[in-house]
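Undergrad: My structure file entry_3.cif, mmCIF, N, CA and C atoms, is below:
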data_entry
#
loop_
_atom_site.label_atom_id
_atom_site.label_comp_id
_atom_site.auth_asym_id
_atom_site.auth_seq_id
_atom_site.Cartn_x
_atom_site.Cartn_y
_atom_site.Cartn_z
N MET A 1 248.06 -80.45 35.01
CA MET A 1 247.03 -80.97 34.13
C MET A 1 245.70 -80.29 34.49
N ASP A 2 244.98 -79.90 33.48
CA ASP A 2 243.71 -79.22 33.68
C ASP A 2 242.61 -80.27 33.89
N LYS A 3 241.83 -80.11 34.96
CA LYS A 3 240.80 -81.08 35.29
C LYS A 3 239.68 -81.11 34.25
N ARG A 4 239.48 -80.05 33.53
CA ARG A 4 238.40 -80.02 32.54
C ARG A 4 238.71 -80.90 31.34
N ASN A 5 239.96 -81.27 31.14
CA ASN A 5 240.34 -82.09 29.99
C ASN A 5 240.29 -83.58 30.28
N LEU A 6 239.99 -83.98 31.51
CA LEU A 6 239.92 -85.40 31.84
C LEU A 6 238.64 -86.01 31.28
N ALA A 7 238.75 -87.24 30.85
CA ALA A 7 237.59 -87.92 30.27
C ALA A 7 236.56 -88.28 31.34
N PHE A 8 237.04 -88.68 32.52
CA PHE A 8 236.16 -89.08 33.62
C PHE A 8 236.32 -88.13 34.78
N GLY A 9 235.20 -87.92 35.47
CA GLY A 9 235.24 -87.14 36.69
C GLY A 9 235.34 -88.04 37.90
N ARG A 10 235.33 -87.44 39.06
CA ARG A 10 235.45 -88.20 40.31
C ARG A 10 234.28 -89.17 40.45
N THR A 11 233.08 -88.75 40.09
CA THR A 11 231.90 -89.61 40.20
C THR A 11 232.04 -90.84 39.31
N ASN A 12 232.59 -90.67 38.12
CA ASN A 12 232.79 -91.81 37.22
C ASN A 12 233.73 -92.85 37.85
N PHE A 13 234.80 -92.38 38.45
CA PHE A 13 235.75 -93.31 39.07
C PHE A 13 235.12 -94.03 40.26
N ILE A 14 234.31 -93.34 41.02
CA ILE A 14 233.63 -93.97 42.16
C ILE A 14 232.66 -95.04 41.66
N LEU A 15 231.88 -94.72 40.62
CA LEU A 15 230.95 -95.70 40.06
C LEU A 15 231.69 -96.90 39.49
N LEU A 16 232.82 -96.67 38.84
CA LEU A 16 233.60 -97.78 38.28
C LEU A 16 234.19 -98.65 39.39
N ALA A 17 234.62 -98.04 40.47
CA ALA A 17 235.16 -98.83 41.59
C ALA A 17 234.07 -99.68 42.23
N ILE A 18 232.89 -99.11 42.41
CA ILE A 18 231.77 -99.86 42.99
C ILE A 18 231.40 -101.02 42.08
N SER A 19 231.36 -100.77 40.78
CA SER A 19 230.99 -101.85 39.86
C SER A 19 232.05 -102.94 39.83
N ALA A 20 233.32 -102.57 39.94
CA ALA A 20 234.38 -103.59 39.98
C ALA A 20 234.25 -104.45 41.23
N VAL A 21 233.89 -103.84 42.35
CA VAL A 21 233.68 -104.61 43.58
C VAL A 21 232.50 -105.57 43.42
N ILE A 22 231.44 -105.12 42.77
CA ILE A 22 230.28 -105.99 42.54
C ILE A 22 230.66 -107.18 41.67
N VAL A 23 231.45 -106.95 40.63
CA VAL A 23 231.88 -108.04 39.75
C VAL A 23 232.77 -109.02 40.53
N ILE A 24 233.66 -108.50 41.34
CA ILE A 24 234.53 -109.36 42.14
C ILE A 24 233.71 -110.20 43.11
N ILE A 25 232.69 -109.60 43.73
CA ILE A 25 231.81 -110.36 44.62
C ILE A 25 231.11 -111.48 43.86
N GLY A 26 230.68 -111.20 42.64
CA GLY A 26 230.04 -112.23 41.81
C GLY A 26 230.98 -113.39 41.53
N PHE A 27 232.24 -113.09 41.22
CA PHE A 27 233.20 -114.16 40.97
C PHE A 27 233.53 -114.94 42.24
N ILE A 28 233.56 -114.26 43.37
CA ILE A 28 233.78 -114.96 44.64
C ILE A 28 232.62 -115.90 44.94
N LEU A 29 231.39 -115.45 44.64
CA LEU A 29 230.23 -116.32 44.84
C LEU A 29 230.28 -117.55 43.94
N MET A 30 230.90 -117.43 42.77
CA MET A 30 231.01 -118.57 41.85
C MET A 30 232.08 -119.56 42.29
N SER A 31 233.02 -119.12 43.10
CA SER A 31 234.12 -120.01 43.47
C SER A 31 233.69 -120.98 44.56
N GLY A 32 234.52 -121.95 44.80
CA GLY A 32 234.25 -122.94 45.82
C GLY A 32 234.94 -124.24 45.47
N PRO A 33 234.78 -125.23 46.33
CA PRO A 33 235.45 -126.51 46.06
C PRO A 33 234.85 -127.19 44.83
N GLY A 34 235.70 -127.83 44.09
CA GLY A 34 235.26 -128.52 42.88
C GLY A 34 235.10 -130.01 43.11
N SER A 35 234.82 -130.70 42.05
CA SER A 35 234.71 -132.15 42.10
C SER A 35 236.00 -132.78 41.61
N THR A 36 236.28 -133.96 42.12
CA THR A 36 237.42 -134.72 41.66
C THR A 36 236.91 -136.03 41.06
N VAL A 37 237.82 -136.80 40.53
CA VAL A 37 237.45 -138.08 39.94
C VAL A 37 236.93 -139.03 41.02
N GLU A 38 237.54 -138.96 42.20
CA GLU A 38 237.15 -139.86 43.29
C GLU A 38 235.93 -139.37 44.05
N ASN A 39 235.71 -138.07 44.10
CA ASN A 39 234.67 -137.52 44.95
C ASN A 39 233.86 -136.49 44.17
N PHE A 40 232.58 -136.78 43.93
CA PHE A 40 231.70 -135.84 43.23
C PHE A 40 231.09 -134.88 44.25
N ASN A 41 231.14 -133.60 43.96
CA ASN A 41 230.58 -132.57 44.83
C ASN A 41 229.37 -131.96 44.12
N PRO A 42 228.15 -132.29 44.56
CA PRO A 42 226.97 -131.75 43.87
C PRO A 42 226.78 -130.25 44.06
N ASP A 43 227.56 -129.64 44.95
CA ASP A 43 227.44 -128.20 45.20
C ASP A 43 227.87 -127.37 43.99
N ILE A 44 228.60 -127.98 43.05
CA ILE A 44 229.02 -127.21 41.88
C ILE A 44 227.84 -126.81 41.01
N PHE A 45 226.72 -127.48 41.17
CA PHE A 45 225.51 -127.13 40.43
C PHE A 45 224.47 -126.44 41.31
N GLY A 46 224.90 -125.86 42.42
CA GLY A 46 223.99 -125.18 43.34
C GLY A 46 223.49 -123.87 42.76
N ALA A 47 222.39 -123.40 43.31
CA ALA A 47 221.77 -122.16 42.82
C ALA A 47 222.68 -120.95 42.98
N MET A 48 223.51 -120.95 44.02
CA MET A 48 224.40 -119.81 44.24
C MET A 48 225.40 -119.68 43.09
N ARG A 49 225.97 -120.78 42.67
CA ARG A 49 226.98 -120.73 41.61
C ARG A 49 226.39 -120.60 40.22
N VAL A 50 225.23 -121.18 40.00
CA VAL A 50 224.69 -121.24 38.65
C VAL A 50 223.75 -120.08 38.34
N LYS A 51 223.04 -119.57 39.34
CA LYS A 51 222.04 -118.53 39.08
C LYS A 51 222.39 -117.18 39.70
N VAL A 52 222.69 -117.17 40.98
CA VAL A 52 222.87 -115.90 41.69
C VAL A 52 224.16 -115.20 41.28
N ALA A 53 225.27 -115.90 41.28
CA ALA A 53 226.56 -115.29 40.99
C ALA A 53 226.63 -114.70 39.58
N PRO A 54 226.16 -115.39 38.53
CA PRO A 54 226.19 -114.75 37.21
C PRO A 54 225.32 -113.50 37.11
N VAL A 55 224.20 -113.49 37.82
CA VAL A 55 223.33 -112.30 37.82
C VAL A 55 224.03 -111.13 38.51
N VAL A 56 224.73 -111.42 39.61
CA VAL A 56 225.47 -110.38 40.32
C VAL A 56 226.57 -109.81 39.41
N CYS A 57 227.28 -110.69 38.71
CA CYS A 57 228.32 -110.23 37.77
C CYS A 57 227.71 -109.40 36.65
N PHE A 58 226.58 -109.85 36.12
CA PHE A 58 225.92 -109.11 35.04
C PHE A 58 225.55 -107.70 35.49
N PHE A 59 224.96 -107.58 36.69
CA PHE A 59 224.62 -106.25 37.19
C PHE A 59 225.86 -105.40 37.42
N GLY A 60 226.95 -106.03 37.83
CA GLY A 60 228.21 -105.30 37.98
C GLY A 60 228.71 -104.74 36.67
N PHE A 61 228.62 -105.56 35.60
CA PHE A 61 229.07 -105.09 34.28
C PHE A 61 228.14 -104.01 33.73
N VAL A 62 226.84 -104.15 33.96
CA VAL A 62 225.90 -103.11 33.52
C VAL A 62 226.18 -101.80 34.27
N PHE A 63 226.44 -101.91 35.57
CA PHE A 63 226.74 -100.74 36.38
C PHE A 63 228.06 -100.11 35.92
N MET A 64 228.98 -100.92 35.41
CA MET A 64 230.23 -100.40 34.89
C MET A 64 229.98 -99.56 33.62
N ILE A 65 229.08 -100.02 32.78
CA ILE A 65 228.72 -99.24 31.59
C ILE A 65 228.10 -97.91 32.00
N VAL A 66 227.24 -97.95 33.02
CA VAL A 66 226.63 -96.71 33.53
C VAL A 66 227.72 -95.78 34.05
N GLY A 67 228.70 -96.33 34.75
CA GLY A 67 229.80 -95.52 35.28
C GLY A 67 230.61 -94.85 34.18
N VAL A 68 230.78 -95.54 33.06
CA VAL A 68 231.54 -94.96 31.94
C VAL A 68 230.71 -93.89 31.24
N MET A 69 229.42 -94.13 31.08
CA MET A 69 228.57 -93.21 30.32
C MET A 69 228.07 -92.02 31.14
N TYR A 70 228.20 -92.05 32.46
CA TYR A 70 227.63 -91.01 33.32
C TYR A 70 228.30 -89.66 33.07
N ARG A 71 227.48 -88.63 32.94
CA ARG A 71 227.95 -87.25 32.86
C ARG A 71 227.08 -86.39 33.76
N LYS A 72 227.70 -85.43 34.43
CA LYS A 72 226.95 -84.53 35.27
C LYS A 72 226.06 -83.65 34.42
N LYS A 73 224.97 -83.18 35.01
CA LYS A 73 224.05 -82.29 34.28
C LYS A 73 224.76 -81.00 33.87
N ASP A 74 225.64 -80.48 34.73
CA ASP A 74 226.37 -79.26 34.40
C ASP A 74 227.28 -79.47 33.20
N ALA A 75 227.94 -80.64 33.14
CA ALA A 75 228.84 -80.92 32.03
C ALA A 75 228.06 -81.07 30.73
N VAL A 76 226.88 -81.66 30.80
CA VAL A 76 226.06 -81.83 29.60
C VAL A 76 225.62 -80.47 29.09
N SER A 77 225.11 -79.62 29.98
CA SER A 77 224.63 -78.31 29.54
C SER A 77 225.79 -77.43 29.07
N GLN A 78 226.95 -77.54 29.71
CA GLN A 78 228.11 -76.76 29.30
C GLN A 78 228.59 -77.24 27.93
N GLY A 79 228.58 -78.54 27.70
CA GLY A 79 228.98 -79.07 26.40
C GLY A 79 228.01 -78.64 25.31
N ASP A 80 226.71 -78.60 25.64
CA ASP A 80 225.72 -78.15 24.66
C ASP A 80 225.93 -76.68 24.30
N GLU A 81 226.24 -75.88 25.29
CA GLU A 81 226.49 -74.46 25.03
C GLU A 81 227.73 -74.29 24.15
N GLU A 82 228.77 -75.07 24.40
CA GLU A 82 229.98 -74.96 23.58
C GLU A 82 229.69 -75.37 22.14
N LEU A 83 228.88 -76.39 21.95
CA LEU A 83 228.52 -76.82 20.60
C LEU A 83 227.71 -75.74 19.87
N LYS A 84 226.80 -75.10 20.59
CA LYS A 84 225.99 -74.04 19.99
C LYS A 84 226.88 -72.87 19.59
N ASN A 85 227.83 -72.53 20.45
CA ASN A 85 228.73 -71.41 20.15
C ASN A 85 229.63 -71.74 18.96
N GLU A 86 230.09 -72.97 18.86
CA GLU A 86 230.95 -73.36 17.74
C GLU A 86 230.17 -73.37 16.43
N SER A 87 228.90 -73.77 16.47
CA SER A 87 228.10 -73.83 15.24
C SER A 87 227.75 -72.43 14.74
N LYS A 88 227.67 -71.45 15.63
CA LYS A 88 227.35 -70.07 15.22
C LYS A 88 228.52 -69.43 14.52
N SER A 89 229.78 -69.82 14.87
CA SER A 89 230.94 -69.16 14.28
C SER A 89 231.41 -69.81 13.01
#
Just give me the structure of the file as structure tokens.
TA:
Amino acid sequence: MDKRNLAFGRTNFILLAISAVIVIIGFILMSGPGSTVENFNPDIFGAMRVKVAPVVCFFGFVFMIVGVMYRKKDAVSQGDEELKNESKS
């Protein structure tokens, strides 16, 4: 398989892996013991679960979009040159 035909490069996969880890950390921060009928646990409404963890997940998903959209400067300029050459012919 020719590496030039792949949709993502090595950097894209690294960025996607980092963003997946960030999202997983966000979900781990949201987890914890719950409340039961007999015992109410006020920690379910704590700042860590309600504010911090969703923000961490959000940044992970945004970073995932960046990982998908990222292109090297060389690939961008090479693609521009190919488009210019195709439009001339």
Undergrad: From the list A:Phe13, A:Ser19, A:Asn39, A:Gly46, which residue is nearest A:Val62 when using all atoms listed in the file?
TA: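 Among A:Phe13, A:Ser19, A:Asn39, A:Gly46, it is A:Ser19 that comes nearest to A:Val62.
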Undergrad: Using the chain letters and numbers from this file, what does the PyMOL selection byres ((chain A and resi 23) around 8) select? Give the answer as a list in words.
TA: Ala17, Ile18, Ser19, Ala20, Val21, Ile22, Ile24, Ile25, Gly26, Phe27, Ile28, Leu29, Val56, Cys57, Phe58, Phe59, Gly60 and Phe61 of chain A
Undergrad: State, in Å with one decimal place, the distance from atom N of A:Val50 to atom C of A:Val66.
TA: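 Those two atoms sit 26.2 Å apart.
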Undergrad: When distances are computed from all atoms listed in the file, which of A:Asn41, A:Met48, A:Pro33, A:Leu16 shows the smallest separation from A:Phe63?
TA: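 Of A:Asn41, A:Met48, A:Pro33, A:Leu16, the one nearest A:Phe63, counting all atoms listed in the file, is A:Leu16.
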Undergrad: Could you jot down the atom N of A:Arg49 to atom CA of A:Ser35 separation for me, Å, one decimal place?
TA: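 If I compute the distance from atom N of A:Arg49 to atom CA of A:Ser35, I get 14.4 Å.
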Undergrad: Between atom CA of A:Met30 and atom CA of A:Met64, what is the spacing in Å?
TA: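 Interatomic distance, atom CA of A:Met64 to atom CA of A:Met30: 19.5 Å.
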